[in-house]
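Next up, entry-v6.pdb (PDB, C-alpha atoms):
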ATOM      1  CA  MET A   1     120.812  99.584  47.852
ATOM      2  CA  HIS A   2     120.650 102.276  45.159
ATOM      3  CA  ARG A   3     119.536  99.700  42.629
ATOM      4  CA  PHE A   4     116.026  99.955  44.023
ATOM      5  CA  ALA A   5     115.871 103.664  43.277
ATOM      6  CA  ASN A   6     115.070 103.121  39.628
ATOM      7  CA  PRO A   7     112.449 100.402  40.087
ATOM      8  CA  ASN A   8     110.648 102.579  42.627
ATOM      9  CA  ARG A   9     110.474 105.432  40.184
ATOM     10  CA  PHE A  10     109.198 102.974  37.625
ATOM     11  CA  LEU A  11     106.546 101.691  40.041
ATOM     12  CA  LYS A  12     105.231 105.218  40.459
ATOM     13  CA  LEU A  13     105.025 105.623  36.701
ATOM     14  CA  ALA A  14     103.352 102.225  36.267
ATOM     15  CA  ASN A  15     100.774 103.001  38.938
ATOM     16  CA  ALA A  16      99.992 106.263  37.174
ATOM     17  CA  ILE A  17      99.559 104.561  33.779
ATOM     18  CA  LEU A  18      97.605 101.509  34.924
ATOM     19  CA  PRO A  19      94.205 103.191  35.595
ATOM     20  CA  TRP A  20      94.365 104.759  32.117
ATOM     21  CA  SER A  21      95.359 101.598  30.280
ATOM     22  CA  ASN A  22      92.648  99.768  32.205
ATOM     23  CA  GLY A  23      90.037 102.341  31.233
ATOM     24  CA  VAL A  24      91.074 102.294  27.564
ATOM     25  CA  LEU A  25      91.008  98.500  27.656
ATOM     26  CA  VAL A  26      87.449  98.263  29.004
ATOM     27  CA  VAL A  27      85.980 100.975  26.752
ATOM     28  CA  SER A  28      87.713  99.913  23.538
ATOM     29  CA  LEU A  29      87.034  96.224  24.177
ATOM     30  CA  LEU A  30      83.291  96.788  24.646
ATOM     31  CA  ALA A  31      83.122  99.131  21.656
ATOM     32  CA  GLY A  32      85.297  96.826  19.555
ATOM     33  CA  LEU A  33      83.232  93.731  20.325
ATOM     34  CA  ALA A  34      79.986  95.587  19.586
ATOM     35  CA  LEU A  35      81.398  96.827  16.279
ATOM     36  CA  ALA A  36      82.933  93.488  15.357
ATOM     37  CA  LEU A  37      80.000  91.254  16.212
ATOM     38  CA  VAL A  38      76.955  93.466  15.635
ATOM     39  CA  TRP A  39      77.559  96.693  13.729
ATOM     40  CA  SER A  40      79.762  95.449  10.927
ATOM     41  CA  PRO A  41      78.667  93.741   7.733
ATOM     42  CA  GLY A  42      79.569  90.269   6.575
ATOM     43  CA  ASP A  43      82.030  90.101   3.691
ATOM     44  CA  TYR A  44      80.581  89.632   0.215
ATOM     45  CA  GLN A  45      82.903  86.696  -0.375
ATOM     46  CA  GLN A  46      83.711  85.395   3.085
ATOM     47  CA  GLY A  47      80.347  85.942   4.798
ATOM     48  CA  ASP A  48      80.452  86.120   8.569
ATOM     49  CA  THR A  49      83.845  84.406   8.839
ATOM     50  CA  VAL A  50      85.293  87.868   8.255
ATOM     51  CA  ARG A  51      84.438  88.568  11.907
ATOM     52  CA  ILE A  52      87.321  86.265  12.862
ATOM     53  CA  MET A  53      89.564  88.980  11.430
ATOM     54  CA  TYR A  54      88.748  91.295  14.356
ATOM     55  CA  VAL A  55      90.556  89.028  16.802
ATOM     56  CA  HIS A  56      92.985  87.349  14.389
ATOM     57  CA  VAL A  57      94.637  90.463  12.960
ATOM     58  CA  PRO A  58      95.064  92.435  16.245
ATOM     59  CA  ALA A  59      96.511  89.285  17.812
ATOM     60  CA  ALA A  60      99.016  89.040  14.952
ATOM     61  CA  TRP A  61      99.943  92.732  15.271
ATOM     62  CA  MET A  62     100.485  92.421  18.992
ATOM     63  CA  GLY A  63     102.369  89.140  18.659
ATOM     64  CA  MET A  64     104.899  90.925  16.444
ATOM     65  CA  PHE A  65     104.853  94.198  18.398
ATOM     66  CA  ALA A  66     105.542  92.374  21.663
ATOM     67  CA  TYR A  67     108.470  90.568  20.045
ATOM     68  CA  VAL A  68     110.042  93.825  18.870
ATOM     69  CA  ALA A  69     109.491  95.288  22.351
ATOM     70  CA  MET A  70     111.144  92.224  23.863
ATOM     71  CA  ALA A  71     114.101  92.515  21.472
ATOM     72  CA  VAL A  72     114.554  96.220  22.263
ATOM     73  CA  ALA A  73     114.420  95.467  25.994
ATOM     74  CA  SER A  74     116.980  92.698  25.448
ATOM     75  CA  ALA A  75     119.307  95.049  23.581
ATOM     76  CA  VAL A  76     119.065  97.643  26.369
ATOM     77  CA  ALA A  77     119.692  94.928  28.961
ATOM     78  CA  LEU A  78     122.757  93.626  27.084
ATOM     79  CA  ILE A  79     124.296  96.990  26.230
ATOM     80  CA  TRP A  80     123.569  99.159  29.273
ATOM     81  CA  LYS A  81     122.916  96.373  31.817
ATOM     82  CA  HIS A  82     119.779  98.219  32.838
ATOM     83  CA  PRO A  83     118.136  95.954  35.445
ATOM     84  CA  LEU A  84     114.591  96.989  34.503
ATOM     85  CA  ALA A  85     115.098  96.149  30.820
ATOM     86  CA  ASP A  86     115.650  92.487  31.585
ATOM     87  CA  LEU A  87     112.523  92.430  33.762
ATOM     88  CA  ALA A  88     110.555  94.125  30.968
ATOM     89  CA  GLY A  89     111.665  91.519  28.427
ATOM     90  CA  ARG A  90     110.798  88.739  30.818
ATOM     91  CA  ALA A  91     107.379  90.275  31.482
ATOM     92  CA  THR A  92     106.624  90.694  27.781
ATOM     93  CA  ALA A  93     107.412  87.173  26.562
ATOM     94  CA  PRO A  94     104.324  85.310  27.895
ATOM     95  CA  VAL A  95     102.019  88.089  26.681
ATOM     96  CA  GLY A  96     103.489  88.010  23.181
ATOM     97  CA  ALA A  97     103.336  84.222  23.151
ATOM     98  CA  ALA A  98      99.637  84.350  24.126
ATOM     99  CA  PHE A  99      98.860  86.776  21.276
ATOM    100  CA  THR A 100     100.809  84.654  18.781
ATOM    101  CA  PHE A 101      98.998  81.518  19.942
ATOM    102  CA  VAL A 102      95.616  83.258  19.564
ATOM    103  CA  CYS A 103      96.648  84.412  16.089
ATOM    104  CA  LEU A 104      97.573  80.868  15.007
ATOM    105  CA  VAL A 105      94.430  79.231  16.426
ATOM    106  CA  THR A 106      92.011  81.831  15.046
ATOM    107  CA  GLY A 107      93.900  81.662  11.746
ATOM    108  CA  ALA A 108      93.285  77.932  11.580
ATOM    109  CA  LEU A 109      89.612  78.473  12.421
ATOM    110  CA  TRP A 110      89.419  80.976   9.581
ATOM    111  CA  GLY A 111      91.470  78.894   7.169
ATOM    112  CA  LYS A 112      89.305  75.795   7.425
ATOM    113  CA  PRO A 113      86.095  77.337   5.983
ATOM    114  CA  MET A 114      87.873  79.715   3.555
ATOM    115  CA  TRP A 115      90.883  77.761   2.288
ATOM    116  CA  GLY A 116      89.577  74.284   3.079
ATOM    117  CA  THR A 117      92.468  73.507   5.394
ATOM    118  CA  TRP A 118      93.407  74.223   9.020
ATOM    119  CA  TRP A 119      97.073  74.614   8.220
ATOM    120  CA  VAL A 120      99.531  74.875   5.340
ATOM    121  CA  TRP A 121     103.300  75.108   5.582
ATOM    122  CA  ASP A 122     103.527  78.347   3.694
ATOM    123  CA  ALA A 123     105.707  81.357   4.459
ATOM    124  CA  ARG A 124     103.303  83.481   6.514
ATOM    125  CA  LEU A 125     101.980  80.648   8.669
ATOM    126  CA  THR A 126     105.363  79.010   9.190
ATOM    127  CA  SER A 127     107.131  82.249  10.129
ATOM    128  CA  MET A 128     104.351  82.972  12.640
ATOM    129  CA  LEU A 129     104.795  79.510  14.153
ATOM    130  CA  ILE A 130     108.535  80.212  14.407
ATOM    131  CA  LEU A 131     107.659  83.409  16.287
ATOM    132  CA  LEU A 132     105.745  81.331  18.846
ATOM    133  CA  PHE A 133     108.734  78.988  19.243
ATOM    134  CA  LEU A 134     111.068  81.981  19.662
ATOM    135  CA  TYR A 135     108.910  83.120  22.580
ATOM    136  CA  PHE A 136     109.020  79.614  24.064
ATOM    137  CA  GLY A 137     112.785  79.481  23.581
ATOM    138  CA  TYR A 138     113.242  82.861  25.249
ATOM    139  CA  MET A 139     111.200  81.803  28.286
ATOM    140  CA  ALA A 140     112.922  78.421  28.487
ATOM    141  CA  LEU A 141     116.430  79.918  28.243
ATOM    142  CA  HIS A 142     115.598  82.465  30.926
ATOM    143  CA  ASN A 143     114.909  79.646  33.375
ATOM    144  CA  ALA A 144     117.508  77.177  32.135
ATOM    145  CA  PHE A 145     120.468  78.361  34.227
ATOM    146  CA  ASP A 146     121.086  78.245  37.969
ATOM    147  CA  ASP A 147     122.538  81.721  37.667
ATOM    148  CA  PRO A 148     119.609  83.950  36.613
ATOM    149  CA  GLN A 149     122.020  86.489  35.081
ATOM    150  CA  ARG A 150     123.378  83.927  32.647
ATOM    151  CA  GLY A 151     119.843  82.876  31.734
ATOM    152  CA  ALA A 152     118.857  86.489  31.132
ATOM    153  CA  LYS A 153     121.882  87.028  28.881
ATOM    154  CA  ALA A 154     121.295  83.893  26.816
ATOM    155  CA  ALA A 155     117.603  84.715  26.401
ATOM    156  CA  ALA A 156     118.400  88.293  25.386
ATOM    157  CA  VAL A 157     120.804  87.057  22.690
ATOM    158  CA  LEU A 158     118.117  84.705  21.359
ATOM    159  CA  ALA A 159     115.570  87.557  21.308
ATOM    160  CA  LEU A 160     117.972  89.712  19.279
ATOM    161  CA  VAL A 161     118.840  86.965  16.798
ATOM    162  CA  GLY A 162     115.171  86.059  16.398
ATOM    163  CA  VAL A 163     114.116  89.607  15.556
ATOM    164  CA  VAL A 164     115.040  88.957  11.897
ATOM    165  CA  ASN A 165     111.897  86.819  11.835
ATOM    166  CA  VAL A 166     109.616  89.854  12.293
ATOM    167  CA  PRO A 167     110.253  91.475   8.877
ATOM    168  CA  ILE A 168     110.106  87.984   7.372
ATOM    169  CA  ILE A 169     106.569  87.619   8.771
ATOM    170  CA  LYS A 170     105.572  91.062   7.547
ATOM    171  CA  PHE A 171     106.857  90.646   4.006
ATOM    172  CA  SER A 172     106.343  86.872   3.648
ATOM    173  CA  VAL A 173     103.133  87.509   1.707
ATOM    174  CA  ASP A 174     105.057  89.605  -0.839
ATOM    175  CA  TRP A 175     108.222  87.520  -1.121
ATOM    176  CA  TRP A 176     106.661  84.105  -1.523
ATOM    177  CA  ASN A 177     103.558  82.627  -3.075
ATOM    178  CA  THR A 178     101.235  81.974  -0.203
ATOM    179  CA  LEU A 179      97.626  81.160   0.556
ATOM    180  CA  HIS A 180      97.561  84.034   3.014
ATOM    181  CA  GLN A 181      96.236  87.280   1.616
ATOM    182  CA  PRO A 182      98.660  90.203   1.231
ATOM    183  CA  ALA A 183      98.663  93.229   3.535
ATOM    184  CA  SER A 184      95.402  95.152   3.427
ATOM    185  CA  VAL A 185      95.742  97.686   6.248
ATOM    186  CA  VAL A 186      99.416  98.690   6.574
ATOM    187  CA  ARG A 187     100.380  99.335   2.928
ATOM    188  CA  MET A 188     101.845 102.120   0.864
ATOM    189  CA  ASP A 189      98.615 103.268  -0.820
ATOM    190  CA  GLY A 190      96.487 103.247   2.327
ATOM    191  CA  PRO A 191      94.179 100.610   3.742
ATOM    192  CA  ALA A 192      92.247  98.511   1.241
ATOM    193  CA  VAL A 193      89.608  97.575   3.800
ATOM    194  CA  ASP A 194      86.186  99.244   3.759
ATOM    195  CA  PRO A 195      85.699 101.684   6.691
ATOM    196  CA  SER A 196      82.814  99.538   7.989
ATOM    197  CA  MET A 197      85.385  96.799   8.625
ATOM    198  CA  LEU A 198      88.438  98.965   9.243
ATOM    199  CA  TRP A 199      86.944 100.700  12.279
ATOM    200  CA  PRO A 200      86.069  97.568  14.259
ATOM    201  CA  LEU A 201      89.546  96.283  13.421
ATOM    202  CA  LEU A 202      91.315  99.422  14.644
ATOM    203  CA  VAL A 203      89.214  99.629  17.830
ATOM    204  CA  MET A 204      89.934  95.977  18.611
ATOM    205  CA  GLY A 205      93.590  96.701  17.882
ATOM    206  CA  LEU A 206      93.496  99.471  20.476
ATOM    207  CA  ALA A 207      91.853  97.123  22.985
ATOM    208  CA  PHE A 208      94.585  94.499  22.417
ATOM    209  CA  LYS A 209      97.262  97.168  22.811
ATOM    210  CA  ALA A 210      95.714  98.374  26.089
ATOM    211  CA  PHE A 211      95.556  94.766  27.285
ATOM    212  CA  TYR A 212      99.237  94.406  26.452
ATOM    213  CA  VAL A 213     100.228  97.579  28.327
ATOM    214  CA  THR A 214      98.139  96.642  31.377
ATOM    215  CA  VAL A 215      99.352  93.060  31.652
ATOM    216  CA  VAL A 216     103.014  93.864  30.963
ATOM    217  CA  LEU A 217     103.027  96.621  33.604
ATOM    218  CA  LEU A 218     101.444  94.257  36.156
ATOM    219  CA  ARG A 219     104.017  91.598  35.266
ATOM    220  CA  ILE A 220     106.932  94.032  35.626
ATOM    221  CA  LYS A 221     105.539  95.042  39.032
ATOM    222  CA  ALA A 222     105.503  91.367  39.981
ATOM    223  CA  GLU A 223     109.088  90.935  38.731
ATOM    224  CA  ILE A 224     110.233  93.916  40.808
ATOM    225  CA  ALA A 225     108.503  92.495  43.889
ATOM    226  CA  ASP A 226     110.244  89.200  43.152
ATOM    227  CA  ALA A 227     113.633  90.892  42.980
ATOM    228  CA  LYS A 228     112.994  92.639  46.307
ATOM    229  CA  ILE A 229     111.954  89.344  47.911
ATOM    230  CA  ARG A 230     115.160  87.713  46.676
ATOM    231  CA  ALA A 231     117.282  90.622  47.937
ATOM    232  CA  LEU A 232     115.616  90.490  51.360
ATOM    233  CA  ARG A 233     116.073  86.731  51.646
ATOM    234  CA  MET A 234     119.733  87.122  50.668
ATOM    235  CA  SER A 235     120.354  89.798  53.263
ATOM    236  CA  GLU A 236     118.661  87.569  55.850
ATOM    237  CA  ILE A 237     120.988  84.684  55.028
ATOM    238  CA  HIS A 238     124.123  86.770  54.926
ATOM    239  CA  GLY A 239     123.134  88.957  57.851
TER     240      GLY A 239
ATOM    241  CA  MET B   1      68.336  85.821  17.096
ATOM    242  CA  ALA B   2      69.046  82.197  16.241
ATOM    243  CA  ASN B   3      69.877  83.470  12.791
ATOM    244  CA  TYR B   4      72.458  85.809  14.319
ATOM    245  CA  PHE B   5      74.153  83.120  16.378
ATOM    246  CA  ASP B   6      74.287  80.913  13.287
ATOM    247  CA  MET B   7      76.738  83.426  11.723
ATOM    248  CA  GLY B   8      75.611  82.555   8.206
ATOM    249  CA  GLY B   9      76.456  78.898   8.783
ATOM    250  CA  TYR B  10      79.953  79.661  10.109
ATOM    251  CA  ALA B  11      79.038  79.581  13.814
ATOM    252  CA  GLY B  12      81.416  76.653  14.361
ATOM    253  CA  TYR B  13      84.356  78.824  13.278
ATOM    254  CA  VAL B  14      83.460  82.342  14.385
ATOM    255  CA  TRP B  15      82.424  81.637  17.988
ATOM    256  CA  PRO B  16      85.333  79.308  18.806
ATOM    257  CA  SER B  17      87.706  82.038  17.556
ATOM    258  CA  TYR B  18      86.273  84.512  20.030
ATOM    259  CA  ALA B  19      86.119  81.858  22.766
ATOM    260  CA  VAL B  20      89.792  80.884  22.364
ATOM    261  CA  THR B  21      90.837  84.540  22.368
ATOM    262  CA  ALA B  22      88.790  85.254  25.506
ATOM    263  CA  ILE B  23      90.000  82.157  27.365
ATOM    264  CA  VAL B  24      93.693  82.749  26.613
ATOM    265  CA  LEU B  25      93.650  86.463  27.432
ATOM    266  CA  VAL B  26      91.502  86.116  30.577
ATOM    267  CA  ALA B  27      93.685  83.246  31.836
ATOM    268  CA  LEU B  28      96.812  85.315  31.250
ATOM    269  CA  PHE B  29      95.308  88.294  33.071
ATOM    270  CA  VAL B  30      94.195  86.207  36.057
ATOM    271  CA  ALA B  31      97.573  84.457  36.311
ATOM    272  CA  THR B  32      99.352  87.820  36.130
ATOM    273  CA  TRP B  33      97.109  89.369  38.803
ATOM    274  CA  ARG B  34      97.479  86.402  41.155
ATOM    275  CA  GLY B  35     101.246  86.316  40.696
ATOM    276  CA  LEU B  36     101.497  90.000  41.571
ATOM    277  CA  LYS B  37      99.260  89.740  44.654
ATOM    278  CA  ASN B  38     101.112  86.633  45.925
ATOM    279  CA  ARG B  39     104.465  88.366  45.679
ATOM    280  CA  GLU B  40     103.212  91.539  47.299
ATOM    281  CA  ARG B  41     101.894  89.477  50.210
ATOM    282  CA  THR B  42     105.206  87.629  50.540
ATOM    283  CA  LEU B  43     107.096  90.886  50.477
ATOM    284  CA  GLU B  44     104.897  92.346  53.228
ATOM    285  CA  THR B  45     105.404  89.280  55.385
ATOM    286  CA  LEU B  46     109.160  89.433  54.879
ATOM    287  CA  LEU B  47     109.304  93.120  55.757
ATOM    288  CA  ALA B  48     107.103  92.580  58.820
ATOM    289  CA  THR B  49     109.389  89.895  60.257
ATOM    290  CA  ARG B  50     112.458  92.095  60.200
ATOM    291  CA  GLY B  51     113.744  94.007  63.212
ATOM    292  CA  PRO B  52     112.641  97.639  63.595
ATOM    293  CA  ARG B  53     115.978  99.106  62.486
ATOM    294  CA  ARG B  54     116.312  96.912  59.444
ATOM    295  CA  ARG B  55     112.681  97.305  58.664
ATOM    296  CA  ARG B  56     113.116 101.027  58.415
ATOM    297  CA  ALA B  57     116.009 100.495  56.055
ATOM    298  CA  ALA B  58     113.950  98.152  53.933
ATOM    299  CA  ARG B  59     111.061 100.571  53.974
ATOM    300  CA  GLU B  60     113.220 103.241  52.456
ATOM    301  CA  ASP B  61     113.887 100.890  49.617
ATOM    302  CA  ALA B  62     110.249  99.939  49.190
ATOM    303  CA  PRO B  63     107.976 102.773  50.254
ATOM    304  CA  GLU B  64     105.140 101.207  48.267
ATOM    305  CA  THR B  65     104.925  98.183  50.498
ATOM    306  CA  VAL B  66     104.732  99.529  54.015
ATOM    307  CA  SER B  67     103.366  96.681  56.036
ATOM    308  CA  THR B  68     100.644  96.884  58.628
ATOM    309  CA  ALA B  69     101.029  93.268  59.676
ATOM    310  CA  PRO B  70     101.934  92.811  63.354
ATOM    311  CA  VAL B  71     105.546  92.077  64.110
ATOM    312  CA  THR B  72     105.884  88.643  65.629
ATOM    313  CA  ALA B  73     108.824  86.844  67.168
ATOM    314  CA  GLU B  74     111.786  86.736  64.840
ATOM    315  CA  GLY B  75     111.584  84.300  61.984
ATOM    316  CA  THR B  76     108.275  82.697  62.921
ATOM    317  CA  ASN B  77     106.592  83.999  59.811
ATOM    318  CA  GLU B  78     109.103  82.288  57.602
ATOM    319  CA  GLU B  79     106.772  79.330  56.958
ATOM    320  CA  THR B  80     103.902  81.515  55.844
ATOM    321  CA  SER B  81     105.988  83.311  53.248
ATOM    322  CA  ARG B  82     106.557  81.482  50.059
TER     323      ARG B  82
END

Rewrite the structure of this file - the entire thing - as structure tokens.
Amino acid sequence: MHRFANPNRFLKLANAILPWSNGVLVVSLLAGLALALVWSPGDYQQGDTVRIMYVHVPAAWMGMFAYVAMAVASAVALIWKHPLADLAGRATAPVGAAFTFVCLVTGALWGKPMWGTWWVWDARLTSMLILLFLYFGYMALHNAFDDPQRGAKAAAVLALVGVVNVPIIKFSVDWWNTLHQPASVVRMDGPAVDPSMLWPLLVMGLAFKAFYVTVVLLRIKAEIADAKIRALRMSEIHG
Amino acid sequence: MANYFDMGGYAGYVWPSYAVTAIVLVALFVATWRGLKNRERTLETLLATRGPRRRRAAREDAPETVSTAPVTAEGTNEETSR
């Protein structure tokens, strides 16, 4: 039963991190919301719709970050057959999908007043929608086989193939003509956003990151418990 | 105050954005928390129904989930565990 040794060490680590990620989440979320909704100015062109940015952009960052994390976990699971890596990928997928969904919905709510349309099939928006479908595909594949190992392998391969979409999202605004504005925070010559708007954005970004860490750790804990339950049931059946 | 909630005429776009974000993330957190607690309860029940020797063996594997539930006749807790 040595395969439980690693997960138990991980559980200790997770239980040590969780109070911190929880604390960061609460503090940065309260500060971020206060900054975003009260202590930041409206945009001179976009008025108060610019406040949508403070949930839209962190959601987009985390949607992509979670996908890369999922792809890395998938690679580790495929190459080294590390049992925790597969659980980590599985735990990440719904969180990343939630962020991507939030990004798409808030983007539509921002696009309607500013562009005059909820949706256009341009490069940035379409590649983000593909990201959401990649998450769905990963989760579906994971559960599509009777043998969970085969499902995990198929899903991991999909995650790795789909990772090419992440740079496409990032650079879509440079490679193609698009309604979406180009990068204004992560760019070579430094952020082009005024500090009065950059700070709320970064603090909300931290809050979203802390949410991600907290929820993924809780989900991995649940996956480990699940694996133990399955192992116990098996040993009951087989004596 | 009413002026603030009006968001310069964009209230119908700004507030729904925050509402959707809050609903999705809170729902995900609650589902995650419930899933974890359910499994931990199931695991405790399973460990509690095992014999003393095997329970010790299982406990070594899972020191985090030492159960305080009373040990009942073998297998009778099977229905309560999902």

Q: Would you give me, as a ChimeraX atom specification, the residues of chain B that come within 6 Å of chain A, using all atoms listed in the file?
A: /B:7,13-14,17,21,36,43

Q | Picked residues, the PyMOL selection byres ((chain A and resi 209) around 12), expected as a PyMOL selection string | A | chain A and resi 21-22+24-26+28-29+58-66+95-96+99+202-208+210-216

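When CA of Thr126 (chain A) is paired with CA of Gly32 (chain A), their separation reads 28.8 Å.
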
Which polymer residues have any atom within 12 Å of an atom of region 139-154 of chain A, counting all atoms listed in the file, with same-chain residues fewer than 3 positions away left out, as a tab-separated table (two decimals) with C-alpha atoms, in the coordinates of the input?
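Now in part.tsv:
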chain	number	residue	atom	x	y	z
A	70	MET	CA	111.14	92.22	23.86
A	73	ALA	CA	114.42	95.47	25.99
A	74	SER	CA	116.98	92.70	25.45
A	75	ALA	CA	119.31	95.05	23.58
A	76	VAL	CA	119.06	97.64	26.37
A	77	ALA	CA	119.69	94.93	28.96
A	78	LEU	CA	122.76	93.63	27.08
A	79	ILE	CA	124.30	96.99	26.23
A	81	LYS	CA	122.92	96.37	31.82
A	82	HIS	CA	119.78	98.22	32.84
A	83	PRO	CA	118.14	95.95	35.44
A	84	LEU	CA	114.59	96.99	34.50
A	85	ALA	CA	115.10	96.15	30.82
A	86	ASP	CA	115.65	92.49	31.58
A	87	LEU	CA	112.52	92.43	33.76
A	88	ALA	CA	110.56	94.12	30.97
A	89	GLY	CA	111.66	91.52	28.43
A	90	ARG	CA	110.80	88.74	30.82
A	91	ALA	CA	107.38	90.28	31.48
A	92	THR	CA	106.62	90.69	27.78
A	93	ALA	CA	107.41	87.17	26.56
A	94	PRO	CA	104.32	85.31	27.90
A	95	VAL	CA	102.02	88.09	26.68
A	96	GLY	CA	103.49	88.01	23.18
A	97	ALA	CA	103.34	84.22	23.15
A	132	LEU	CA	105.74	81.33	18.85
A	133	PHE	CA	108.73	78.99	19.24
A	134	LEU	CA	111.07	81.98	19.66
A	135	TYR	CA	108.91	83.12	22.58
A	136	PHE	CA	109.02	79.61	24.06
A	157	VAL	CA	120.80	87.06	22.69
A	158	LEU	CA	118.12	84.70	21.36
A	159	ALA	CA	115.57	87.56	21.31
A	160	LEU	CA	117.97	89.71	19.28
A	161	VAL	CA	118.84	86.96	16.80
A	227	ALA	CA	113.63	90.89	42.98
A	230	ARG	CA	115.16	87.71	46.68

Taking all listed atoms of region 19-38 of chain B, build the axis-aligned box, pad each of the six sides by 5 Å, then write its centre and edge lengths in Å to one decimal as lines of an AutoDock Vina configuration file.
center_x = 93.8
center_y = 85.4
center_z = 34.1
size_x = 25.4
size_y = 19.1
size_z = 33.6

Q: Can you pull out every residue within 6 Å of region 176-190 of chain A, counting only C-alpha atoms, but drop anything in the same chain fewer than 3 positions away, and send it as a PyMOL selection string?
A: chain A and resi 122+172-173

Selection export as a short mmCIF file (atom, residue, chain, number, x, y, z; two decimals), in the frame of the given file, atoms kept: C-alpha atoms:
data_model
loop_
_atom_site.label_atom_id
_atom_site.label_comp_id
_atom_site.auth_asym_id
_atom_site.auth_seq_id
_atom_site.Cartn_x
_atom_site.Cartn_y
_atom_site.Cartn_z
CA ASP A 122 103.53 78.35 3.69
CA SER A 172 106.34 86.87 3.65
CA VAL A 173 103.13 87.51 1.71
#

Q: Quick one: pull the distance between CA of Trp121 (chain A) and CA of Ala36 (chain A), Å, one decimal.
A: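 Computed distance, CA of Trp121 (chain A) to CA of Ala36 (chain A), equals 29.1 Å.
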
Q. Could you work out how far CA of Ile17 (chain A) lies from CA of Arg34 (chain B), giving the answer in Å with one decimal?
A.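 Computing it gives 19.7 Å between the two atoms.
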